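Asker: Next comes input37.txt, compact mmCIF, C-alpha atoms:
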```
# COMPACT_ATOMS: atom_id res chain seq x y z
CA MET F 1 6.11 21.34 39.43
CA VAL F 2 2.85 19.63 38.64
CA PHE F 3 0.52 19.85 35.68
CA SER F 4 -3.23 19.76 36.17
CA TRP F 5 -4.46 17.25 33.57
CA ARG F 6 -7.83 18.39 32.26
CA LYS F 7 -8.11 18.23 28.51
CA LYS F 8 -5.88 15.25 27.76
CA LYS F 9 -5.55 11.99 29.66
CA PRO F 10 -2.32 10.04 29.59
CA ARG F 11 -2.17 6.89 27.52
CA GLY F 12 -3.23 3.96 29.63
CA PHE F 13 -5.44 6.13 31.86
CA ASN F 14 -8.84 4.43 32.15
CA GLY F 15 -9.94 5.66 35.54
CA ASP F 16 -13.12 7.56 36.19
CA LYS F 17 -12.28 8.89 39.61
CA LYS F 18 -13.90 12.16 40.55
CA LYS F 19 -10.66 13.48 41.94
CA GLU F 20 -8.48 14.96 39.24
CA LEU F 21 -5.11 13.33 38.67
CA GLU F 22 -2.09 15.58 38.71
CA ILE F 23 0.82 14.49 36.51
CA PRO F 24 4.33 15.94 36.91
CA ARG F 25 4.96 18.14 33.92
CA HIS F 26 8.45 16.80 33.32
CA PHE F 27 6.94 13.34 32.75
CA LEU F 28 5.26 14.62 29.57
CA CYS F 29 6.85 14.67 26.14
CA PRO F 30 7.10 18.33 25.00
CA ILE F 31 6.00 17.31 21.49
CA THR F 32 2.89 15.18 22.14
CA LEU F 33 2.15 16.10 25.79
CA ASP F 34 1.73 12.35 26.41
CA LEU F 35 3.33 10.45 29.25
CA MET F 36 6.79 9.41 28.05
CA LYS F 37 7.37 5.66 27.61
CA ASP F 38 11.01 5.83 26.54
CA PRO F 39 12.52 9.21 27.51
CA VAL F 40 15.72 10.19 25.68
CA THR F 41 17.81 13.34 25.97
CA LEU F 42 19.22 15.27 23.00
CA SER F 43 22.45 17.27 22.79
CA SER F 44 20.34 20.36 23.65
CA GLY F 45 19.66 18.90 27.09
CA ILE F 46 15.90 18.55 26.49
CA THR F 47 14.22 15.18 27.05
CA TYR F 48 11.59 13.75 24.68
CA ASP F 49 9.81 10.45 24.16
CA ARG F 50 11.94 8.42 21.72
CA GLU F 51 9.13 7.73 19.24
CA SER F 52 8.14 11.40 19.01
CA ILE F 53 11.63 12.84 18.57
CA GLU F 54 12.57 10.16 16.03
CA LYS F 55 9.56 11.15 13.94
CA TRP F 56 10.59 14.80 14.25
CA LEU F 57 14.10 14.03 13.03
CA ASP F 58 12.90 11.66 10.29
CA ASP F 59 10.77 14.51 8.90
CA GLY F 60 13.98 16.38 8.11
CA ASN F 61 14.20 18.66 11.14
CA PHE F 62 17.66 19.31 12.62
CA THR F 63 16.76 21.56 15.54
CA CYS F 64 15.55 20.95 19.07
CA PRO F 65 11.73 21.42 19.07
CA VAL F 66 11.72 23.28 22.39
CA SER F 67 14.89 25.42 22.27
CA ASN F 68 15.03 25.64 18.47
CA GLN F 69 18.82 25.38 18.62
CA VAL F 70 20.65 23.40 15.93
CA LEU F 71 21.53 19.96 17.24
CA ARG F 72 25.27 19.18 17.39
CA SER F 73 24.44 15.50 16.98
CA PHE F 74 21.33 13.37 16.59
CA ASP F 75 22.35 11.00 19.37
CA GLN F 76 19.54 10.10 21.74
CA ILE F 77 20.74 9.27 25.25
CA PRO F 78 18.29 7.13 27.28
CA ASN F 79 17.19 8.98 30.41
CA HIS F 80 16.98 5.97 32.74
CA SER F 81 16.48 8.02 35.90
CA LEU F 82 13.43 9.79 34.51
CA ARG F 83 12.01 6.57 33.09
CA ILE F 84 12.27 4.88 36.51
CA MET F 85 10.57 7.89 38.13
CA ILE F 86 7.73 7.66 35.61
CA GLN F 87 7.34 3.92 36.24
CA ASP F 88 7.23 4.50 40.02
CA TRP F 89 4.63 7.23 39.54
CA CYS F 90 2.50 4.87 37.45
CA VAL F 91 2.62 2.21 40.16
CA GLU F 92 1.68 4.75 42.85
CA ASN F 93 -1.36 5.84 40.82
CA ARG F 94 -2.72 2.43 39.86
CA SER F 95 -5.94 3.29 41.67
CA TYR F 96 -6.56 5.91 38.97
CA GLY F 97 -6.30 3.30 36.23
CA VAL F 98 -2.77 4.28 35.19
CA GLU F 99 -0.82 1.35 33.72
CA ARG F 100 2.88 0.96 34.40
CA ILE F 101 4.93 1.63 31.28
CA PRO F 102 7.17 -1.31 30.36
CA THR F 103 10.93 -0.97 30.39
CA PRO F 104 11.91 -0.24 26.76
CA ARG F 105 14.20 -2.63 24.95
CA ILE F 106 17.58 -1.46 23.74
CA PRO F 107 17.30 -0.55 20.04
CA VAL F 108 19.17 -2.75 17.59
CA ASN F 109 22.21 -1.28 15.83
CA SER F 110 23.53 -1.71 12.29
CA ALA F 111 26.41 -3.96 13.40
CA GLU F 112 23.97 -6.45 14.96
CA VAL F 113 21.82 -6.43 11.82
CA SER F 114 24.88 -7.00 9.60
CA GLU F 115 25.93 -9.94 11.77
CA VAL F 116 22.52 -11.60 11.41
CA LEU F 117 22.44 -10.98 7.66
CA PHE F 118 25.87 -12.58 7.33
CA SER F 119 24.49 -15.58 9.20
CA ILE F 120 21.57 -15.77 6.74
CA MET F 121 23.93 -15.66 3.76
CA ASP F 122 26.13 -18.36 5.28
CA SER F 123 23.20 -20.66 6.11
CA THR F 124 21.79 -20.09 2.62
CA ARG F 125 25.07 -21.16 1.05
CA ARG F 126 24.98 -24.34 3.15
CA LEU F 127 21.17 -24.74 2.72
CA ASP F 128 20.93 -24.97 6.52
CA ARG F 129 17.28 -24.13 7.03
CA CYS F 130 17.44 -24.37 10.85
CA ALA F 131 20.23 -21.80 11.13
CA CYS F 132 18.56 -19.54 8.58
CA LEU F 133 15.24 -19.78 10.41
CA ASP F 134 16.88 -18.79 13.72
CA SER F 135 18.39 -15.70 12.09
CA LEU F 136 15.10 -14.77 10.45
CA HIS F 137 13.28 -15.10 13.77
CA LYS F 138 15.78 -12.68 15.29
CA LEU F 139 15.23 -10.13 12.50
CA LYS F 140 11.46 -10.52 12.76
CA LYS F 141 11.53 -10.06 16.53
CA TRP F 142 13.63 -6.91 16.23
CA GLY F 143 11.42 -5.44 13.52
CA LEU F 144 8.22 -6.04 15.47
CA GLU F 145 9.64 -4.43 18.62
CA SER F 146 9.81 -0.93 17.12
CA GLU F 147 9.72 1.02 13.88
CA ARG F 148 13.26 2.19 14.62
CA ASN F 149 14.51 -1.40 14.60
CA LYS F 150 12.63 -2.11 11.40
CA ARG F 151 14.21 0.92 9.70
CA CYS F 152 17.64 -0.20 10.87
CA ILE F 153 17.07 -3.58 9.17
CA VAL F 154 15.59 -2.15 5.97
CA ASP F 155 18.31 0.51 5.64
CA ASN F 156 21.03 -2.14 5.52
CA ALA F 157 22.13 -2.27 1.87
CA ALA F 158 22.55 -6.05 1.92
CA ALA F 159 19.24 -6.91 3.60
CA ALA F 160 16.82 -7.26 0.69
CA GLY F 161 19.31 -9.07 -1.54
CA ALA F 162 20.42 -11.53 1.16
CA ILE F 163 16.89 -12.42 2.19
CA ALA F 164 15.64 -12.73 -1.41
CA ALA F 165 18.64 -14.95 -2.26
CA ALA F 166 17.70 -17.20 0.65
CA PHE F 167 14.14 -17.47 -0.67
CA ASP F 168 15.34 -18.45 -4.14
CA ALA F 169 17.78 -21.04 -2.77
CA PHE F 170 15.38 -22.77 -0.37
CA ALA F 171 12.47 -22.64 -2.85
CA GLY F 172 14.72 -24.22 -5.45
CA GLU F 173 15.73 -27.03 -3.11
CA SER F 174 12.25 -28.04 -1.85
CA VAL F 175 9.18 -26.00 -0.96
CA ASP F 176 7.68 -28.74 1.22
CA LYS F 177 10.88 -29.29 3.19
CA ASN F 178 11.63 -25.58 3.65
CA ILE F 179 8.13 -24.18 4.01
CA ASN F 180 8.75 -22.65 7.47
CA VAL F 181 11.82 -20.69 6.43
CA LEU F 182 10.11 -19.58 3.19
CA GLU F 183 7.11 -18.26 5.12
CA GLU F 184 9.36 -16.23 7.43
CA ILE F 185 11.27 -14.78 4.48
CA LEU F 186 8.06 -13.62 2.81
CA PHE F 187 7.01 -11.92 6.04
CA VAL F 188 10.28 -10.03 6.45
CA ILE F 189 10.74 -9.10 2.79
CA ASN F 190 7.39 -7.29 2.86
CA TRP F 191 9.21 -4.58 4.87
CA MET F 192 11.69 -3.99 2.05
CA PHE F 193 9.71 -2.30 -0.71
CA PRO F 194 10.64 -1.13 -3.25
CA LEU F 195 12.77 -4.19 -3.95
CA THR F 196 16.35 -3.67 -5.06
CA GLU F 197 17.36 -4.98 -8.50
CA GLN F 198 19.25 -7.83 -6.87
CA ALA F 199 16.20 -8.80 -4.80
CA GLN F 200 14.00 -8.62 -7.91
CA ARG F 201 16.22 -11.12 -9.72
CA TYR F 202 15.97 -13.64 -6.90
CA ILE F 203 12.23 -13.20 -6.28
CA GLY F 204 11.60 -13.23 -10.05
CA SER F 205 13.36 -16.57 -10.59
CA GLN F 206 11.31 -19.50 -11.82
CA ALA F 207 11.68 -21.36 -8.51
CA SER F 208 10.63 -18.33 -6.45
CA LEU F 209 7.62 -17.47 -8.61
CA HIS F 210 6.29 -21.04 -8.55
CA CYS F 211 6.74 -21.14 -4.77
CA ILE F 212 4.89 -17.84 -4.27
CA ALA F 213 2.09 -18.98 -6.60
CA LEU F 214 1.75 -22.11 -4.49
CA PHE F 215 1.47 -20.00 -1.33
CA LEU F 216 -1.46 -18.12 -2.89
CA LYS F 217 -3.50 -21.28 -2.43
CA SER F 218 -2.61 -21.57 1.25
CA LYS F 219 -5.34 -21.48 3.89
CA ASP F 220 -3.13 -19.20 5.98
CA LEU F 221 -4.47 -15.68 5.33
CA SER F 222 -1.25 -13.97 6.44
CA LEU F 223 0.88 -16.14 4.13
CA LYS F 224 -1.51 -15.58 1.24
CA GLN F 225 -1.41 -11.82 1.82
CA ASN F 226 2.40 -11.68 2.03
CA ALA F 227 2.75 -13.76 -1.14
CA ILE F 228 0.44 -11.68 -3.33
CA THR F 229 1.87 -8.41 -2.02
CA VAL F 230 5.39 -9.48 -2.98
CA LEU F 231 4.20 -10.53 -6.46
CA ALA F 232 2.44 -7.20 -7.04
CA GLU F 233 5.53 -5.30 -5.87
CA LEU F 234 7.79 -7.35 -8.17
CA LEU F 235 5.68 -6.70 -11.28
CA SER F 236 5.27 -3.03 -10.39
CA CYS F 237 9.08 -2.68 -10.13
CA ASN F 238 9.84 -4.60 -13.32
CA GLN F 239 7.23 -5.91 -15.75
CA LYS F 240 9.68 -8.28 -17.44
CA TYR F 241 8.72 -10.89 -14.83
CA THR F 242 5.06 -10.78 -15.94
CA GLN F 243 5.61 -13.18 -18.83
CA GLU F 244 7.10 -15.77 -16.49
CA LEU F 245 4.14 -15.41 -14.14
CA THR F 246 1.61 -16.02 -16.93
CA THR F 247 3.17 -19.43 -17.64
CA ILE F 248 2.34 -20.76 -14.16
CA ASP F 249 -0.61 -23.16 -14.27
CA GLY F 250 -3.70 -21.94 -12.49
CA ILE F 251 -2.45 -18.43 -11.66
CA ASN F 252 -5.23 -16.77 -13.68
CA LYS F 253 -7.93 -18.77 -11.93
CA THR F 254 -6.41 -18.02 -8.53
CA LEU F 255 -6.37 -14.26 -9.14
CA PHE F 256 -9.90 -14.31 -10.55
CA HIS F 257 -11.03 -16.20 -7.45
CA PHE F 258 -9.59 -13.47 -5.21
CA ILE F 259 -11.67 -10.86 -7.08
CA ASN F 260 -14.83 -12.95 -7.31
CA ASN F 261 -14.66 -14.03 -3.66
CA PRO F 262 -13.01 -11.08 -1.91
CA ILE F 263 -11.27 -11.86 1.37
CA CYS F 264 -9.91 -8.44 2.30
CA PRO F 265 -8.75 -5.28 0.46
CA SER F 266 -5.10 -6.15 1.13
CA ILE F 267 -5.55 -9.16 -1.16
CA THR F 268 -8.02 -7.66 -3.64
CA LYS F 269 -5.84 -4.64 -4.50
CA PRO F 270 -2.63 -6.52 -5.35
CA SER F 271 -4.71 -9.11 -7.25
CA LEU F 272 -6.07 -6.34 -9.47
CA THR F 273 -2.54 -4.96 -9.92
CA LEU F 274 -1.29 -8.36 -11.08
CA ILE F 275 -4.19 -8.84 -13.49
CA TYR F 276 -3.58 -5.40 -14.99
CA HIS F 277 0.08 -6.18 -15.68
CA MET F 278 -0.84 -9.56 -17.15
CA VAL F 279 -3.51 -8.26 -19.55
CA SER F 280 -1.18 -5.43 -20.58
CA LEU F 281 1.30 -7.94 -21.99
CA SER F 282 -0.48 -8.28 -25.38
CA ASN F 283 -0.69 -12.00 -24.57
CA GLU F 284 -3.85 -13.08 -26.36
CA ASN F 285 -4.23 -16.34 -24.42
CA THR F 286 -4.06 -14.62 -21.02
CA THR F 287 -6.45 -11.84 -22.03
CA THR F 288 -8.93 -14.29 -23.60
CA GLU F 289 -8.91 -16.52 -20.53
CA PHE F 290 -9.71 -13.62 -18.19
CA ILE F 291 -12.47 -12.37 -20.50
CA ASN F 292 -14.05 -15.82 -20.81
CA MET F 293 -13.99 -16.20 -17.02
CA GLY F 294 -16.31 -13.19 -16.82
CA LEU F 295 -13.82 -10.64 -15.53
CA ILE F 296 -15.45 -7.63 -17.24
CA PRO F 297 -18.96 -8.00 -15.73
CA LEU F 298 -17.38 -8.84 -12.37
CA LEU F 299 -15.29 -5.65 -12.36
CA LEU F 300 -18.25 -3.52 -13.45
CA GLU F 301 -20.29 -4.86 -10.56
CA ILE F 302 -17.46 -4.26 -8.09
CA MET F 303 -17.04 -0.65 -9.24
CA ILE F 304 -20.61 0.30 -8.39
CA ASP F 305 -19.68 0.66 -4.75
CA SER F 306 -15.95 0.31 -4.11
CA GLN F 307 -13.19 2.33 -2.54
CA LYS F 308 -11.00 4.60 -4.65
CA ALA F 309 -7.96 2.34 -5.10
CA ILE F 310 -10.01 -0.69 -6.13
CA CYS F 311 -12.11 1.38 -8.52
CA GLU F 312 -9.01 2.84 -10.22
CA LYS F 313 -7.44 -0.58 -10.69
CA ALA F 314 -10.67 -2.11 -12.01
CA LEU F 315 -11.08 0.74 -14.52
CA ALA F 316 -7.48 0.31 -15.66
CA ILE F 317 -8.11 -3.38 -16.39
CA ILE F 318 -11.36 -2.70 -18.28
CA ASP F 319 -9.66 0.00 -20.34
CA GLN F 320 -6.88 -2.45 -21.20
CA LEU F 321 -9.32 -5.25 -22.09
CA CYS F 322 -11.20 -2.88 -24.40
CA GLU F 323 -8.07 -2.79 -26.55
CA THR F 324 -9.22 -6.13 -27.97
CA GLU F 325 -12.29 -6.76 -30.12
CA GLN F 326 -13.43 -9.54 -27.80
CA GLY F 327 -13.09 -7.28 -24.75
CA ARG F 328 -15.09 -4.49 -26.39
CA GLY F 329 -17.78 -6.99 -27.34
CA PHE F 330 -18.14 -8.30 -23.78
CA ALA F 331 -18.16 -4.77 -22.35
CA TYR F 332 -20.75 -3.49 -24.81
CA ASP F 333 -23.04 -6.48 -24.15
CA ASP F 334 -23.04 -5.70 -20.43
CA ALA F 335 -25.84 -3.32 -19.46
CA LEU F 336 -23.72 -1.87 -16.65
CA ALA F 337 -20.73 -0.92 -18.79
CA MET F 338 -21.71 2.47 -20.17
CA PRO F 339 -23.62 3.82 -17.13
CA VAL F 340 -20.81 2.83 -14.75
CA LEU F 341 -18.05 4.24 -16.97
CA VAL F 342 -19.88 7.54 -17.44
CA LYS F 343 -20.66 7.78 -13.73
CA LYS F 344 -17.00 7.41 -12.74
CA ILE F 345 -15.94 10.48 -14.77
CA LEU F 346 -15.09 13.27 -12.30
CA ARG F 347 -16.43 11.18 -9.43
CA VAL F 348 -13.48 9.15 -8.12
CA SER F 349 -10.11 10.62 -9.09
CA GLU F 350 -8.20 12.08 -12.02
CA LEU F 351 -6.77 8.64 -12.80
CA ALA F 352 -10.20 6.98 -12.72
CA THR F 353 -11.52 9.69 -15.05
CA GLU F 354 -8.67 9.06 -17.49
CA TYR F 355 -9.41 5.33 -17.64
CA SER F 356 -13.18 5.89 -17.92
CA VAL F 357 -12.87 8.32 -20.83
CA SER F 358 -10.41 6.01 -22.58
CA ALA F 359 -12.72 2.98 -22.23
CA ILE F 360 -15.76 4.94 -23.47
CA TRP F 361 -13.69 6.22 -26.40
CA LYS F 362 -12.71 2.66 -27.36
CA LEU F 363 -16.29 1.38 -27.03
CA SER F 364 -17.90 4.28 -28.92
CA LYS F 365 -15.51 4.76 -31.80
CA GLY F 366 -17.37 3.75 -34.96
CA ASP F 367 -20.35 2.33 -33.03
CA GLU F 368 -23.53 4.36 -33.33
CA MET F 369 -25.43 2.37 -30.69
CA ALA F 370 -22.63 2.88 -28.16
CA LEU F 371 -22.64 6.62 -28.86
CA MET F 372 -26.39 6.81 -28.32
CA GLU F 373 -26.08 4.91 -25.05
CA ALA F 374 -23.26 7.13 -23.84
CA LEU F 375 -25.32 10.21 -24.69
CA GLN F 376 -28.32 8.79 -22.85
CA PHE F 377 -26.33 8.45 -19.61
CA GLY F 378 -24.99 12.01 -19.71
CA ALA F 379 -21.58 11.50 -21.27
CA PHE F 380 -21.77 14.74 -23.29
CA GLN F 381 -22.29 16.97 -20.27
CA LYS F 382 -19.60 15.24 -18.23
CA LEU F 383 -17.04 15.38 -21.03
CA LEU F 384 -17.77 19.05 -21.61
CA LEU F 385 -17.28 19.80 -17.92
CA LEU F 386 -14.10 17.73 -17.88
CA ILE F 387 -12.54 19.90 -20.58
CA GLN F 388 -13.65 23.05 -18.80
CA VAL F 389 -12.14 22.07 -15.44
CA GLY F 390 -8.99 20.70 -17.07
CA CYS F 391 -7.33 17.32 -17.62
CA ASN F 392 -4.17 15.90 -19.14
CA ASP F 393 -3.56 16.21 -22.88
CA LYS F 394 -4.20 12.56 -23.65
CA THR F 395 -7.58 12.54 -21.89
CA LYS F 396 -8.51 15.92 -23.39
CA GLU F 397 -7.83 14.63 -26.90
CA LYS F 398 -10.11 11.62 -26.40
CA ALA F 399 -12.80 13.70 -24.67
CA THR F 400 -12.73 16.20 -27.55
CA GLU F 401 -13.12 13.45 -30.14
CA LEU F 402 -15.97 11.90 -28.17
CA LEU F 403 -17.79 15.24 -27.96
CA LYS F 404 -17.58 15.60 -31.71
CA LEU F 405 -18.89 12.07 -32.20
CA LEU F 406 -21.72 12.59 -29.71
CA ASN F 407 -22.82 16.04 -30.85
CA PRO F 408 -24.77 15.05 -34.00
CA TYR F 409 -27.01 12.81 -31.88
CA ARG F 410 -28.15 15.70 -29.67
CA PRO F 411 -31.45 16.79 -31.28
CA GLY F 412 -32.24 20.50 -31.35
CA LEU F 413 -28.72 21.58 -30.40
CA GLU F 414 -26.08 23.26 -32.50
CA CYS F 415 -23.12 21.21 -33.67
CA ILE F 416 -19.71 21.92 -32.22
CA ASP F 417 -17.54 23.27 -35.00
CA SER F 418 -14.55 24.38 -32.97
CA LEU F 419 -12.59 23.47 -29.88
CA ASP F 420 -13.71 26.58 -27.99
CA PHE F 421 -15.74 24.66 -25.40
CA LYS F 422 -15.51 27.46 -22.82
CA ASN F 423 -18.10 29.49 -24.68
CA ILE F 424 -20.64 26.68 -24.85
CA LYS F 425 -23.31 26.84 -22.17
CA ARG F 426 -23.70 23.83 -19.99
CA SER F 427 -26.96 21.95 -20.47
CA PHE F 428 -27.14 20.64 -16.93
```
Is it possible to give me this structure as structure tokens?

Answerer:
Amino acid sequence: MVFSWRKKKPRGFNGDKKKELEIPRHFLCPITLDLMKDPVTLSSGITYDRESIEKWLDDGNFTCPVSNQVLRSFDQIPNHSLRIMIQDWCVENRSYGVERIPTPRIPVNSAEVSEVLFSIMDSTRRLDRCACLDSLHKLKKWGLESERNKRCIVDNAAAAGAIAAAFDAFAGESVDKNINVLEEILFVINWMFPLTEQAQRYIGSQASLHCIALFLKSKDLSLKQNAITVLAELLSCNQKYTQELTTIDGINKTLFHFINNPICPSITKPSLTLIYHMVSLSNENTTTEFINMGLIPLLLEIMIDSQKAICEKALAIIDQLCETEQGRGFAYDDALAMPVLVKKILRVSELATEYSVSAIWKLSKGDEMALMEALQFGAFQKLLLLIQVGCNDKTKEKATELLKLLNPYRPGLECIDSLDFKNIKRSF
């Protein structure tokens, strides 16, 4: 039986021949209707492309998509005969621009992963960087071959701990001597988020943190990205490692440099996450250093036109810095502060609104000039709408207090004497 291919071209089909290509229907995956690259057969007897059926099963389904019968097992048997037929068909139709599908590699199994992890633990104990590097290369190769292989590695209970322990051991011995193995570890451990408690202890050690901070200054973009991502993940999992990070010389300047001279979002976002955790420590020296570097005006400028995640993180930092008198002073002296904070209310996300209202509340409390400026940029109307559409209790409390503080400065309008904002007409 053949299928006339009109609406959808097979992957790898680049031909523009006038004659229409006919593809055997049994070459197509029933789920995606794409040409199968790695056909596997389920216990129901139906054949699917491995990637498609694995996604179906990973989503929590336990039935065959075509027959809808409950699967007796989730085993996927490679259909070599069909795969060879598909490859032969691709070769026969090269004139149509069809590319031959490569022969799929055999997926890795848990026993193979465990064997390699044991090798890593053994080479770590002996500080044999060559043997450890060979094992890491094998894991990396497997993980890059397919998502299934990567999941098999990540799902191994010992994986994160063993690899993090290796990082701590080799970083403690010598960063310069073991730089190759340390780079490979950082690459692989980026697959293993969230980090287990055991992995956190090893990555959060003094030797590991100093090594990662050193990698942040590397000219290798990939290494720099892996290093800062691991740091952000570590502090997000457990903030007790933040204090240790703040003691590393030059870390504040490095993070500020990443924000001031953005390389890519994958470095900017974790940099903002790290700065937020560091200024949340109530460490006056760290907070003062970031403020004196000019972090507040820099973040305000970034927020004018930034994507959602960056805007949320920048607002969180500004809100935290406004906890201090120095931070409030720098924010108030910046002409962008109030207009940007007011603008972000109900414009980005619920989280961004929460941080914006909180920062305005901290800047305006007891400051008549700040209240007048907030009123001038439309804070009253936005806060009133915010309460009408709904928000969390903490934000509502601050918005309510701000409305009461702002109301006397609205000439010709009645004062708000109650919390019944629903009956007040909008003035916009």

Asker: Enumerate, in order of chain and increasing residue number, the residues of segment 268-334 of chain F with an atom no farther than 9 Å from segment 228-240 of chain F, each with its shortest atom pair and distance in Å to one decimal, counting all atoms listed in the file, as a tab-separated table.

Answerer:
```
residue	atom	partner	partner_atom	distance
F:Lys269	CA	F:Thr229	CA	8.9
F:Pro270	CA	F:Ala232	CA	5.4
F:Ser271	CA	F:Ile228	CA	7.0
F:Leu272	CA	F:Ala232	CA	8.9
F:Thr273	CA	F:Ala232	CA	6.2
F:Leu274	CA	F:Ala232	CA	5.6
F:His277	CA	F:Leu235	CA	7.1
F:Met278	CA	F:Gln239	CA	9.0
F:Leu281	CA	F:Gln239	CA	8.8
```

Asker: Taking all atoms listed in the file into account, name the residue in F:Leu341, F:Cys152, F:Val40, F:Ile212 that is nearest to Asp168 of chain F.

Answerer: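 Looking at the shortest contact to Asp168 of chain F, the residue is F:Ile212.
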
Asker: What is the distance, in Å and to one decimal place, between atom CA of Ala159 of chain F and atom CA of Ala111 of chain F?

Answerer: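 That distance, rounded to one decimal, is 12.5 Å.
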
Asker: How many Å lie between atom CA of Ser222 of chain F and atom CA of Ile275 of chain F, rounded to one decimal?

Answerer: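 Atom CA of Ser222 of chain F sits 20.8 Å away from atom CA of Ile275 of chain F.
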
Asker: Rounded to one decimal place, report the atom CA of Leu346 of chain F-atom CA of Leu403 of chain F distance in Å.

Answerer: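 Atom-to-atom, atom CA of Leu346 of chain F and atom CA of Leu403 of chain F are spaced 16.0 Å apart.
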
Asker: Show me the residues around (-11.5, 0.0, -15.0) - criterion: an atom at most 12 Å away, only C-alpha atoms counted - as an MDAnalysis selection string.

Answerer: chainID F and resid 272:273 275:276 295:304 306 308:322 331 337:338 340:342 344:345 348 351:360

Asker: For His26 of chain F, which residue among F:Arg50, F:Arg83, F:Arg125, F:Lys177 is the nearest when counting all atoms listed in the file?

Answerer: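 Distance minimum relative to His26 of chain F lands on F:Arg83.
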
Asker: Show me as a list of chain:residue names the residues that reach within 10 Å of (16.6, -21.5, 10.3), counting all atoms listed in the file and using the file's own coordinates.

Answerer: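 The answer, in the requested form, is F:Ser119, F:Ile120, F:Ser123, F:Thr124, F:Leu127, F:Asp128, F:Arg129, F:Cys130, F:Ala131, F:Cys132, F:Leu133, F:Asp134, F:Ser135, F:Leu136, F:His137, F:Asn178, F:Asn180, F:Val181, F:Leu182, F:Glu184.
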
Asker: So that all listed atoms of segment 292-298 of chain F fit with 3 Å spare on each side, what axis-aligned box centre and edge lengths in Å, to one decimal, would you give as JSON?

Answerer:
```
{"center_x": -16.4, "center_y": -11.9, "center_z": -16.6, "size_x": 11.1, "size_y": 14.6, "size_z": 14.4}
```

Asker: Please identify all polymer residues within 8 Å of Ile31 of chain F, counting all atoms listed in the file, omitting same-chain residues fewer than 5 positions from it, and present them as a ChimeraX atom specification.

Answerer: /F:48,52-53,65

Asker: Could you check the closest approach to Ser266 of chain F for each of F:Asn226, F:Ser280, F:Thr287, F:Ser208 and tell me which residue wins, using only C-alpha atoms?

Answerer: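 Using only C-alpha atoms, the shortest distance to Ser266 of chain F belongs to F:Asn226.
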
Asker: Do a neighbour search on segment 370-377 of chain F at 10 Å with all atoms listed in the file, toss out local chain neighbours closer than 3 positions, and write the hits as a ChimeraX atom specification.

Answerer: /F:332,335,337-343,360-367,380-382,402-403,405-407,409-410

Asker: Might you pull out every residue within 9 Å of Ala162 of chain F, with all atoms listed in the file counted and same-chain residues fewer than 2 positions away left off, and present them as a list in words?

Answerer: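 Returned residues: Leu117, Phe118, Ile120, Met121, Thr124, Ala158, Ala159, Ala160, Ala164, Ala165, Ala166, Phe167, Gln198 and Ala199 of chain F.
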